[in-house]
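What follows is a set of notes on a single structure, which appears directly below.
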Amino acid sequence: MVILGLGSNVGDRLLNLRKALSAIQQLDNLKVVQVSPIYLSDALLPESAPPDWDMPFLNLAVRCETTLDVFDLLQKLKNIEWSIGRKPEIRHWGPRVIDIDIFIFNDMIIDNEQLTIPHVKLRERPFALWPLADVAPFWVDPNQEKNAAALVEEWGSRFTGQAPFHTRQINHRIDTPQIVGTMNITPDSFSDGGKFLDVGPALKQAFALVEQGAEILDLGAESTCPQSKAIDPETEWQRLSPVLSAVLQAKAANQFFIPPKISVDTRNIEVAKRAVDLGIDCLNDVTGFQDPKMRALASEAEVDCIMMHHVSIPASSKDFVIPINGDPISFLMSWGENQIKRLEQSGIKREKIIFDPGVCFGKTAVQSLEIIKQAKKFKDLGVRVLIGHSRKTFLSLFTALPFKERDIETITMSLFLANQEIDYLRIHNVDQHLRALKIAKALATV
């Protein structure tokens with residue numbers, strides 16, 4: 001059993017950790033077995049450290065199996081650190097884009113200039129020992145004669161931040177799809193219409209979604225549910241602008257403990273232009289960037305592009321482009337390939353494109369279910385994949401409950417999608433999703 005510790009406190013910390021995990025997973029003769037939850041903690045600083053070193057760390061542990069020699073593994077891990085952007089350190093314990101440590105290597109005890117296993121200070125650092133205990137609770141510290149699960153008991157709850165270095169477990173993960181939290185700034189959305197029209201409640205919800213584990217906030221001011229009526233771009237912007245500005249200002253002021261990416265859900269070029277000018281990270285176009293002006297804007301702004309297949313906006317259950325008797329996956333794959341080419345021809349880089357098959361947009365309930373069942377096939381398009389299935393009408397195949405009460409069905413499908421290499425899940429109930437994913441990952445050791 002090999003346990004690695006990963007940490008980052010510079011730049012996009014979650015992205016840095018994801019890059020490190022991906023690189024570790026690609027090493028020959030090594031298999032990642034389990035990834036711990038993430039822990040947020042104060043930086044461990046030397047005396048007289050500059051104030052700008054005091055940046056919170058994100059830490060986690062990775063349990064592996066390997067036939068590599070310990071020093072061979074050490075060198076490969078250092079190479080990964082350099083590839084992600086870590087620089088040679090002038091002073092110890094400085095800020096780090098990425099830090100990868102070998103906590104445990106089978107039963108070996110090593111203490112030399114290159115390596116110390118187990119780490120001599122492991123017992124004093126909840127940001128290291130807690131994640132280790134999550135993936136290897138029965139590991140026994142040879143210096144303590146107690147297993148990891150027993151050693152961490154003195155710190156109490158993992159979630160209060162009262163342990164040394166204010167260490168606490170957070171909901172975000174790097175081994176599951178990224179969570180896109182939905183914010184509908186509308187009076188008529190089927191799930192949360194009317195709740196977030198005012199800045200105060202909307203900003204409170206934005207903070208709550210990030211605390212619960214959302215990495216992207218998707219703000220939309222026009223409802224696309226079947227009962228809704230289209231609105232003009234100016235009305236849409238008047239709804240969106242105050243909330244979007246407040247969220248972006250809070251992000252710029254570092255008020256989010258993890259800065260979220262900000263996406264705007266719009267099909268109107270006038271709204272998209274204004275949102276891009278404010279500095280958003282992503283455009284979510286439910287019409288699939290069919291408008292050349294929208295493609296030109298996205299290309300110039302170099303924002304991420306969520307490209308959704310649709311039939312009619314607002315969605316209508318009576319309009320079906322996908323043949324009822326045909327294969328919906330083949331149809332969507334063909335559409336996706338053609339539309340990706342159009343975006344690339346407009347100057348949008350492939351790495352900026354995210355494909356959304358448009359669950360319930362011009363699909364029957366059984367077609368939408370088939371999209372969920374075969375979602376992994378969309379990865380063959382060579383772009384990132386987003387699924388937005390939360391509380392939607394196709395779930396009437398399984399329940400007659402109102403839309404707001406369909407989280408059990410949504411979460412069950414999300415657990416399935418998490419094992420299909422899907423990149424993003426666009427959902428309403430972020431907290432319950434991350435809690436369910438945490439348990440699923442704790443039970444899965446493959």
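Every chain in the structure tokens takes a letter, A first, then B, and so on in the order presented; its residues are numbered from 1, and the ligands are numbered from 1 following the presented order.
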Residue neighbourhood Leu343 in chain A, 10 Å, only C-alpha atoms, exclusion window fewer than 3 positions, as an MDAnalysis selection string: chainID A and resid 288:290 292 294:296 298:299 305 307 338:340 346:350 352:353
Create the file for the chosen residues now, containing C-alpha atoms and written as a short mmCIF file (atom, residue, chain, number, x, y, z; two decimals), in the first residue's frame.
```
data_model
loop_
_atom_site.label_atom_id
_atom_site.label_comp_id
_atom_site.auth_asym_id
_atom_site.auth_seq_id
_atom_site.Cartn_x
_atom_site.Cartn_y
_atom_site.Cartn_z
CA GLY A 288 -25.82 25.29 -29.44
CA PHE A 289 -23.91 28.32 -30.81
CA GLN A 290 -25.78 28.16 -34.10
CA PRO A 292 -22.46 33.00 -36.11
CA MET A 294 -22.38 34.07 -30.80
CA ARG A 295 -19.53 31.94 -32.14
CA ALA A 296 -17.54 35.04 -33.09
CA ALA A 298 -16.94 33.27 -27.91
CA SER A 299 -13.88 33.02 -30.14
CA CYS A 305 -18.58 27.29 -24.54
CA MET A 307 -22.86 23.78 -26.69
CA ASN A 338 -20.82 18.75 -37.16
CA GLN A 339 -21.37 21.53 -34.63
CA ILE A 340 -17.90 21.13 -33.12
CA SER A 346 -15.13 30.04 -36.19
CA GLY A 347 -11.86 30.10 -34.24
CA ILE A 348 -13.04 28.41 -31.04
CA LYS A 349 -10.45 26.00 -29.71
CA ARG A 350 -11.59 22.43 -29.08
CA LYS A 352 -12.92 25.41 -24.92
CA ILE A 353 -15.92 23.36 -26.09
#
```
Residues near Ile100 in chain A, cut-off 10 Å, only C-alpha atoms, skip fewer than 4 positions along chain, as number ranges by chain: A: 4-8, 17, 20-21, 59-61, 74, 77-78, 80-81
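The spacing separating CA of Arg406 in chain A from CA of Gln432 in chain A amounts to 12.0 Å.
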Residues within 6 Å of range 218-222 of chain A, only C-alpha atoms, excluding chain neighbours under 5 positions, as a list in words: Thr182, Met183, Asn184, Ile185, Thr186, Glu236, Arg239, Leu240, Ser263, Val264 and Asp265 of chain A
Output the selection as a PDB file, in the first residue's frame - N, CA and C atoms for each residue.
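Output below, filename out_6.pdb:
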```pdb
ATOM      1  N   THR A 182     -26.910  25.553 -10.383  1.00  0.00           N
ATOM      2  CA  THR A 182     -27.866  26.312 -11.184  1.00  0.00           C
ATOM      3  C   THR A 182     -28.452  27.465 -10.385  1.00  0.00           C
ATOM      4  N   MET A 183     -28.442  28.661 -10.977  1.00  0.00           N
ATOM      5  CA  MET A 183     -29.082  29.830 -10.373  1.00  0.00           C
ATOM      6  C   MET A 183     -30.020  30.461 -11.393  1.00  0.00           C
ATOM      7  N   ASN A 184     -31.315  30.266 -11.189  1.00  0.00           N
ATOM      8  CA  ASN A 184     -32.322  30.798 -12.102  1.00  0.00           C
ATOM      9  C   ASN A 184     -32.843  32.130 -11.580  1.00  0.00           C
ATOM     10  N   ILE A 185     -32.512  33.188 -12.294  1.00  0.00           N
ATOM     11  CA  ILE A 185     -32.940  34.535 -11.902  1.00  0.00           C
ATOM     12  C   ILE A 185     -34.201  34.847 -12.704  1.00  0.00           C
ATOM     13  N   THR A 186     -35.223  34.055 -12.455  1.00  0.00           N
ATOM     14  CA  THR A 186     -36.448  34.086 -13.250  1.00  0.00           C
ATOM     15  C   THR A 186     -37.660  33.965 -12.331  1.00  0.00           C
ATOM     16  N   GLU A 236     -34.256  40.304 -20.179  1.00  0.00           N
ATOM     17  CA  GLU A 236     -33.343  39.292 -19.649  1.00  0.00           C
ATOM     18  C   GLU A 236     -32.152  39.949 -18.949  1.00  0.00           C
ATOM     19  N   ARG A 239     -32.896  41.546 -15.543  1.00  0.00           N
ATOM     20  CA  ARG A 239     -32.949  40.538 -14.478  1.00  0.00           C
ATOM     21  C   ARG A 239     -31.545  40.081 -14.083  1.00  0.00           C
ATOM     22  N   LEU A 240     -30.726  39.818 -15.092  1.00  0.00           N
ATOM     23  CA  LEU A 240     -29.425  39.185 -14.872  1.00  0.00           C
ATOM     24  C   LEU A 240     -28.381  40.133 -14.299  1.00  0.00           C
ATOM     25  N   SER A 263     -20.611  31.183 -15.167  1.00  0.00           N
ATOM     26  CA  SER A 263     -21.197  30.896 -16.473  1.00  0.00           C
ATOM     27  C   SER A 263     -22.516  31.649 -16.603  1.00  0.00           C
ATOM     28  N   VAL A 264     -22.811  32.098 -17.812  1.00  0.00           N
ATOM     29  CA  VAL A 264     -24.103  32.732 -18.077  1.00  0.00           C
ATOM     30  C   VAL A 264     -24.847  31.907 -19.116  1.00  0.00           C
ATOM     31  N   ASP A 265     -26.077  31.555 -18.766  1.00  0.00           N
ATOM     32  CA  ASP A 265     -26.950  30.747 -19.608  1.00  0.00           C
ATOM     33  C   ASP A 265     -27.830  31.691 -20.418  1.00  0.00           C
TER      34      ASP A 265
END
```
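Of note, CA of Asp281 in chain A and CA of Gln25 in chain A are spaced 28.0 Å apart.
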Residue contacts of His389 in chain A (10 Å, only C-alpha atoms) excluding same-chain residues fewer than 5 positions away, as a PyMOL selection string: chain A and resi 358-360+368-369+371-372+394-395+409-411+413-414+425-428
With N, CA and C atoms kept, could you save the residues just selected as a compact mmCIF listing (two decimals), in the first residue's frame?
```txt
# COMPACT_ATOMS: atom_id res chain seq x y z
N GLY A 358 -28.45 17.90 -24.16
CA GLY A 358 -29.77 18.53 -24.07
C GLY A 358 -30.86 17.59 -23.62
N VAL A 359 -30.70 16.99 -22.46
CA VAL A 359 -31.73 16.11 -21.91
C VAL A 359 -33.07 16.86 -21.87
N CYS A 360 -34.10 16.24 -22.46
CA CYS A 360 -35.48 16.75 -22.49
C CYS A 360 -35.70 17.89 -23.48
N SER A 368 -34.39 10.62 -23.55
CA SER A 368 -33.57 11.28 -22.52
C SER A 368 -32.94 10.26 -21.59
N LEU A 369 -33.70 9.22 -21.24
CA LEU A 369 -33.14 8.17 -20.39
C LEU A 369 -32.01 7.45 -21.11
N ILE A 371 -30.00 8.74 -23.24
CA ILE A 371 -28.84 9.64 -23.18
C ILE A 371 -28.08 9.42 -21.87
N ILE A 372 -28.79 9.30 -20.77
CA ILE A 372 -28.14 9.04 -19.49
C ILE A 372 -27.41 7.70 -19.52
N PHE A 394 -38.39 14.09 -17.82
CA PHE A 394 -38.24 12.67 -18.14
C PHE A 394 -38.23 11.81 -16.89
N LEU A 395 -37.98 12.41 -15.74
CA LEU A 395 -38.00 11.65 -14.49
C LEU A 395 -39.42 11.22 -14.12
N GLU A 409 -34.25 10.85 -7.49
CA GLU A 409 -34.07 10.31 -8.85
C GLU A 409 -32.86 10.96 -9.53
N THR A 410 -32.73 12.27 -9.34
CA THR A 410 -31.60 12.99 -9.95
C THR A 410 -30.27 12.49 -9.41
N ILE A 411 -30.16 12.35 -8.09
CA ILE A 411 -28.90 11.94 -7.47
C ILE A 411 -28.54 10.52 -7.87
N MET A 413 -29.17 9.03 -10.64
CA MET A 413 -28.59 9.09 -11.98
C MET A 413 -27.21 9.74 -11.96
N SER A 414 -27.02 10.71 -11.09
CA SER A 414 -25.72 11.37 -10.99
C SER A 414 -24.64 10.39 -10.53
N LEU A 425 -21.76 17.94 -14.06
CA LEU A 425 -23.16 17.70 -13.78
C LEU A 425 -23.79 19.03 -13.39
N ARG A 426 -24.82 19.43 -14.14
CA ARG A 426 -25.52 20.70 -13.87
C ARG A 426 -26.76 20.36 -13.04
N ILE A 427 -26.77 20.81 -11.79
CA ILE A 427 -27.79 20.34 -10.86
C ILE A 427 -28.32 21.48 -9.98
N HIS A 428 -29.39 21.16 -9.25
CA HIS A 428 -29.98 22.13 -8.33
C HIS A 428 -29.52 21.89 -6.89
```
Sel. of alpha helix (DSSP H) residues, range 67-124 of chain A, as a ChimeraX atom specification: /A:70-84
Polymer residues at most 12 Å from Gly326 in chain A, only C-alpha atoms, same-chain spacing of 4 or more positions, as a PyMOL selection string: chain A and resi 320-322+330-332+363-364+366-367+370
Output C-alpha atoms for every residue in the selection just made, as an mmCIF file, in the first residue's frame.
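Writing the result to result_23.cif gives the following:
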```
data_model
loop_
_atom_site.group_PDB
_atom_site.id
_atom_site.type_symbol
_atom_site.label_atom_id
_atom_site.label_comp_id
_atom_site.auth_asym_id
_atom_site.auth_seq_id
_atom_site.Cartn_x
_atom_site.Cartn_y
_atom_site.Cartn_z
ATOM 1 C CA PHE A 320 -39.122 16.093 -31.898
ATOM 2 C CA VAL A 321 -36.278 16.295 -34.357
ATOM 3 C CA ILE A 322 -34.688 13.076 -33.207
ATOM 4 C CA SER A 330 -26.074 8.229 -33.127
ATOM 5 C CA PHE A 331 -28.171 11.273 -33.994
ATOM 6 C CA LEU A 332 -26.602 13.384 -31.261
ATOM 7 C CA LYS A 363 -36.323 14.317 -26.783
ATOM 8 C CA THR A 364 -38.955 11.963 -25.449
ATOM 9 C CA VAL A 366 -37.219 7.369 -23.100
ATOM 10 C CA GLN A 367 -34.766 9.133 -25.426
ATOM 11 C CA GLU A 370 -31.098 6.573 -23.164
#
```
